[in-house]
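Visitor: Have a look at this one.
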Amino acid sequence: KGATEQAITYWNTALALSDKAEEIHHYLADAYFELGEDEKARKHYQSAWAQGRDEAMILHRLGEIAFRQKDPATALGLFSSLLEKMGEDDVWANRVSGLFVQYDYVDQGFIFLKNRLKTGTKPERLSKAMIKLYSAQATEAAQAEQWDKAITAYQEILSLEPQHEQTLRDLGWIYWRKTAWHETEQTWLAYRTYYPNLPEPYRLLTRLYLQTKNYPEAIKMTQEGLKIFPDQPDLKLSLAKAQFWDHRFLEAKRSAETLAAAYPEHLPIQFFWGELLIQYGDFERAKTQWEKVLALGSSAPRARYYFIRSLHETGAHADAVHQAKEMIALHGPEKDLMRFLAQDATVRVAPQNALHWYRLLTRHYPEEISYWLETSKIYQQLG
């Protein structure tokens with residue numbers, strides 16, 4: 001700011017000496033605009049224009065100043081002059097559209113551009129400008145969870161540019177929020193058709209097929225994606241999950257174990273491999289694996305529980321109980337760990353200890369009827 005103010009001082013001095021006043025007026029206007037002194041900027045832009053500085057940017061800046069001064073009618077007149085001056089140059093239409101979005105005049109922007117079409121402006125010249133307005137409209141509707149309004153805006157974009165990348169991605173997510181799975185699939189299939197060399201549509205379609213439990217299609221989609229993008233650990237992980245949920249247990253185990261070795265720092269992969277070891281009852285390896293998951297920084301309560309369970313299942317009963325209590329002291333009440341301690345105390349016939357943990361479970365998870373029943377049984381036994 002200080003340097004700009006210094007520049008203004010020198011330009012004002014130069015203005016009194018120069019025979020190129022229009023150029024210096026323009027410099028001064030830009031400086032005042034940068035400082036947010038809109039009225040001074042406006043006067044210097046107008047002086048530059050009146051003295052022959054015939055530049056589109058001056059009209060653009062004057063229109064923006066009018067928006068900043070809450071004078072949209074003046075802005076619209078300036079923008080009309082700007083687009084008439086620039087003829088078939090759609091860059092300026094796009095810039096003007098950006099100002100309608102920036103200053104929250106989207107509805108007026110639609111009216112303005114549609115009026116331009118009525119004056120004979122070619123539709124293709126305004127398509128990018130219209131897309132910018134529809135994108136803003138869709139984003140605002142999505143943030144307000146007005147899904148149908150967002151869908152309508154996104155469909156308008158695709159009518160202007162069927163391969164619009166961001167719209168193909170985001171429209172699929174809007175359909176997802178409505179659990180409109182068929183429409184989600186069709187949108188993301190179109191995304192893949194237009195952009196077969198991007199990994200994202202394969203990831204999105206795989207996620208969709210996993211969500212809808214269409215595991216054969218999930219496997220097929222990950223395999224297609226991995227042929228093009230062989231080093232995509234997230235796709236490989238999705239393949240292993242789809243194999244497991246499709247009851248291809250041996251394939252899933254091989255895939256997960258290979259991935260865990262290939263990507264030792266990839267937390268989701270290490271987590272899934274740990275889950276499989278628990279599923280297969282390989283607690284000795286699971287204990288080491290869950291130690292690794294925790295060391296990688298997992299904050300998931302389930303990771304702590306699986307580590308404690310692995311310790312317990314491999315015979316380290318006292319250590320498991322001790323570490324479970326330490327984890328609760330450090331991280332707060334966690335259902336799985338407290339249930340483990342309650343059940344362990346019950347097995348060791350330590351009813352007072354079991355009662356302590358079940359009472360905590362009823363306090364923190366009062367909706368779980370089983371904890372109330374277990375607490376009642378212990379009271380009856382102590383009776």
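In the structure tokens, chains take letters A, B, ... by order of appearance, with residues numbered from 1 within each chain and ligands from 1 in the order shown.
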Within 9 Å of Tyr209 (chain A), counting only C-alpha atoms, which residues qualify if same-chain residues fewer than 6 places away don't, as a PyMOL selection string?
Guide: chain A and resi 185+215-219+221+242
Visitor: Next, write the just-selected residues to a file, as a JSON list (two decimals), in the first residue's frame, keeping C-alpha atoms as the atom set.
Guide:
```
[["chain", "number", "residue", "atom", "x", "y", "z"],
["A", 185, "GLU", "CA", -23.78, -43.80, -12.87],
["A", 215, "TYR", "CA", -18.99, -55.65, -6.59],
["A", 216, "PRO", "CA", -18.44, -57.32, -10.00],
["A", 217, "GLU", "CA", -18.77, -53.92, -11.70],
["A", 218, "ALA", "CA", -16.46, -52.36, -9.09],
["A", 219, "ILE", "CA", -13.85, -55.01, -9.85],
["A", 221, "MET", "CA", -13.95, -50.67, -13.25],
["A", 242, "ALA", "CA", -14.45, -55.31, -3.91]]
```
Visitor: Compile the contact shell of Asp90 (chain A) as a PDB file with N, CA and C atoms, in the first residue's frame: residues with an atom at most 10 Å away, counting only C-alpha atoms, same-chain residues fewer than 3 positions apart removed.
Guide:
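Done, and the output landed in result-v2.pdb:
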```
ATOM      1  N   LEU A  83     -19.107  -4.816 -24.422  1.00  0.00           N
ATOM      2  CA  LEU A  83     -19.280  -5.956 -25.328  1.00  0.00           C
ATOM      3  C   LEU A  83     -19.530  -5.491 -26.760  1.00  0.00           C
ATOM      4  N   MET A  86     -16.110  -4.648 -28.171  1.00  0.00           N
ATOM      5  CA  MET A  86     -15.195  -5.759 -28.415  1.00  0.00           C
ATOM      6  C   MET A  86     -15.689  -6.740 -29.472  1.00  0.00           C
ATOM      7  N   GLY A  87     -16.855  -6.498 -30.026  1.00  0.00           N
ATOM      8  CA  GLY A  87     -17.321  -7.323 -31.134  1.00  0.00           C
ATOM      9  C   GLY A  87     -17.456  -8.788 -30.772  1.00  0.00           C
ATOM     10  N   ALA A  93     -16.826 -11.063 -22.444  1.00  0.00           N
ATOM     11  CA  ALA A  93     -18.122 -11.535 -21.934  1.00  0.00           C
ATOM     12  C   ALA A  93     -17.914 -12.430 -20.721  1.00  0.00           C
ATOM     13  N   ASN A  94     -16.885 -13.270 -20.781  1.00  0.00           N
ATOM     14  CA  ASN A  94     -16.568 -14.156 -19.663  1.00  0.00           C
ATOM     15  C   ASN A  94     -16.113 -13.358 -18.441  1.00  0.00           C
ATOM     16  N   ARG A  95     -15.299 -12.321 -18.682  1.00  0.00           N
ATOM     17  CA  ARG A  95     -14.847 -11.482 -17.567  1.00  0.00           C
ATOM     18  C   ARG A  95     -16.012 -10.747 -16.914  1.00  0.00           C
ATOM     19  N   VAL A  96     -16.896 -10.221 -17.733  1.00  0.00           N
ATOM     20  CA  VAL A  96     -18.064  -9.534 -17.205  1.00  0.00           C
ATOM     21  C   VAL A  96     -18.920 -10.495 -16.387  1.00  0.00           C
ATOM     22  N   LYS A 122     -24.056 -13.747 -31.087  1.00  0.00           N
ATOM     23  CA  LYS A 122     -24.071 -15.185 -31.357  1.00  0.00           C
ATOM     24  C   LYS A 122     -24.034 -15.966 -30.038  1.00  0.00           C
ATOM     25  N   GLU A 124     -22.791 -18.820 -29.194  1.00  0.00           N
ATOM     26  CA  GLU A 124     -21.510 -19.432 -28.839  1.00  0.00           C
ATOM     27  C   GLU A 124     -20.544 -18.421 -28.222  1.00  0.00           C
ATOM     28  N   ARG A 125     -20.743 -17.134 -28.543  1.00  0.00           N
ATOM     29  CA  ARG A 125     -19.878 -16.106 -27.975  1.00  0.00           C
ATOM     30  C   ARG A 125     -20.126 -15.937 -26.474  1.00  0.00           C
ATOM     31  N   LEU A 126     -21.330 -16.268 -26.038  1.00  0.00           N
ATOM     32  CA  LEU A 126     -21.699 -16.076 -24.634  1.00  0.00           C
ATOM     33  C   LEU A 126     -21.738 -17.377 -23.835  1.00  0.00           C
ATOM     34  N   SER A 127     -21.402 -18.481 -24.455  1.00  0.00           N
ATOM     35  CA  SER A 127     -21.592 -19.771 -23.774  1.00  0.00           C
ATOM     36  C   SER A 127     -20.745 -19.875 -22.513  1.00  0.00           C
ATOM     37  N   LYS A 128     -19.479 -19.481 -22.598  1.00  0.00           N
ATOM     38  CA  LYS A 128     -18.619 -19.583 -21.412  1.00  0.00           C
ATOM     39  C   LYS A 128     -19.104 -18.650 -20.302  1.00  0.00           C
ATOM     40  N   ALA A 129     -19.598 -17.482 -20.682  1.00  0.00           N
ATOM     41  CA  ALA A 129     -20.138 -16.546 -19.694  1.00  0.00           C
ATOM     42  C   ALA A 129     -21.378 -17.117 -19.021  1.00  0.00           C
TER      43      ALA A 129
END
```
Visitor: So that I can check the surroundings of region 252-255 of chain A, please list as a PyMOL selection string every protein, DNA and RNA residue that reaches within 7 Å of it, counting only C-alpha atoms and ignoring chain neighbours fewer than 3 positions away.
Guide: chain A and resi 240-241+243-244+248-249+258-259
Visitor: So the first atom is CA of Trp49 (chain A) and the second is CA of Leu35 (chain A); what is the distance between them in Å, to one decimal place?
Guide: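 Computing the Euclidean distance for CA of Trp49 (chain A) and CA of Leu35 (chain A) yields 20.5 Å.
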Visitor: What's around region 36-44 of chain A at 7 Å? Count only C-alpha atoms, leave out sequence neighbours fewer than 3 positions away in its own chain, and write the answer as an MDAnalysis selection string.
Guide: chainID A and resid 25:26 28:30 32:33 47:48 62 65
Visitor: From the list A:His266, A:Lys213, A:Arg339, A:Lys227, which residue is nearest His247 (chain A) when using only C-alpha atoms?
Guide: A:Lys213
Visitor: Distance CA of Asp234 (chain A)-CA of Pro201 (chain A), one decimal place?
Guide: 12.8 Å
Visitor: Taking the chain letters and numbering used in this document, name the residues of region 139-335 of chain A that DSSP puts in alpha helix (DSSP H), as a ChimeraX atom specification.
Guide: /A:139-143,147-160,165-177,181-194,200-211,215-228,233-245,249-262,267-279,283-295,301-313,317-331,335
Visitor: Please identify all polymer residues within 10 Å of Ala303 (chain A), counting only C-alpha atoms, omitting same-chain residues fewer than 3 positions from it, and present them as a list in words.
Guide: Phe271, Gly274, Glu275, Gln289, Trp290, Glu291, Val293, Leu294, Ser298, Ser299, Ala300, Tyr306, Phe307, Ile308 and Arg309 of chain A
Visitor: Residues as selected, C-alpha atoms, written as a CSV table (one decimal), in the first residue's frame, can you do that?
Guide:
```csv
chain,number,residue,atom,x,y,z
A,271,PHE,CA,-5.8,-50.3,7.9
A,274,GLY,CA,-5.1,-55.1,9.4
A,275,GLU,CA,-8.9,-55.7,9.2
A,289,GLN,CA,0.0,-54.7,11.9
A,290,TRP,CA,-2.2,-52.6,14.2
A,291,GLU,CA,1.0,-51.3,16.0
A,293,VAL,CA,-1.3,-48.5,11.8
A,294,LEU,CA,-1.2,-46.6,15.1
A,298,SER,CA,-4.4,-43.4,12.8
A,299,SER,CA,-6.8,-41.8,15.3
A,300,ALA,CA,-9.6,-44.3,14.7
A,306,TYR,CA,-8.1,-54.1,17.1
A,307,PHE,CA,-4.7,-53.7,18.6
A,308,ILE,CA,-6.0,-54.5,22.1
A,309,ARG,CA,-8.0,-57.4,20.8
```
Visitor: Compile the contact shell of region 135-137 of chain A as a ChimeraX atom specification: residues with an atom at most 7 Å away, counting only C-alpha atoms, same-chain residues fewer than 6 positions apart removed.
Guide: /A:101,153-154
Visitor: Set the distance at 9 Å and use only C-alpha atoms: which residues neighbour region 344-357 of chain A once local chain neighbours fewer than 5 positions away are removed? I'd like the list as a ChimeraX atom specification.
Guide: /A:317,321,338-339,362,374-375,378-379,381-382
Visitor: Name the closest residue to Thr206 (chain A) among the candidates A:Lys236, A:His182, A:Lys114, A:Lys325; distances are taken between atoms, counting only C-alpha atoms.
Guide: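 Closest residue, counting only C-alpha atoms: A:Lys236.
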Visitor: Would you compute the distance between CA of Glu334 (chain A) and CA of Arg363 (chain A)? Give it in Å to one decimal.
Guide: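 It comes out at 11.9 Å.
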Visitor: Would you please work out which residue, of A:Leu337, A:Ala316, A:Ile131, A:Ala142, is nearest to Gly109 (chain A) when using only C-alpha atoms?
Guide: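 Nearest candidate to Gly109 (chain A) out of A:Leu337, A:Ala316, A:Ile131, A:Ala142: A:Ile131.
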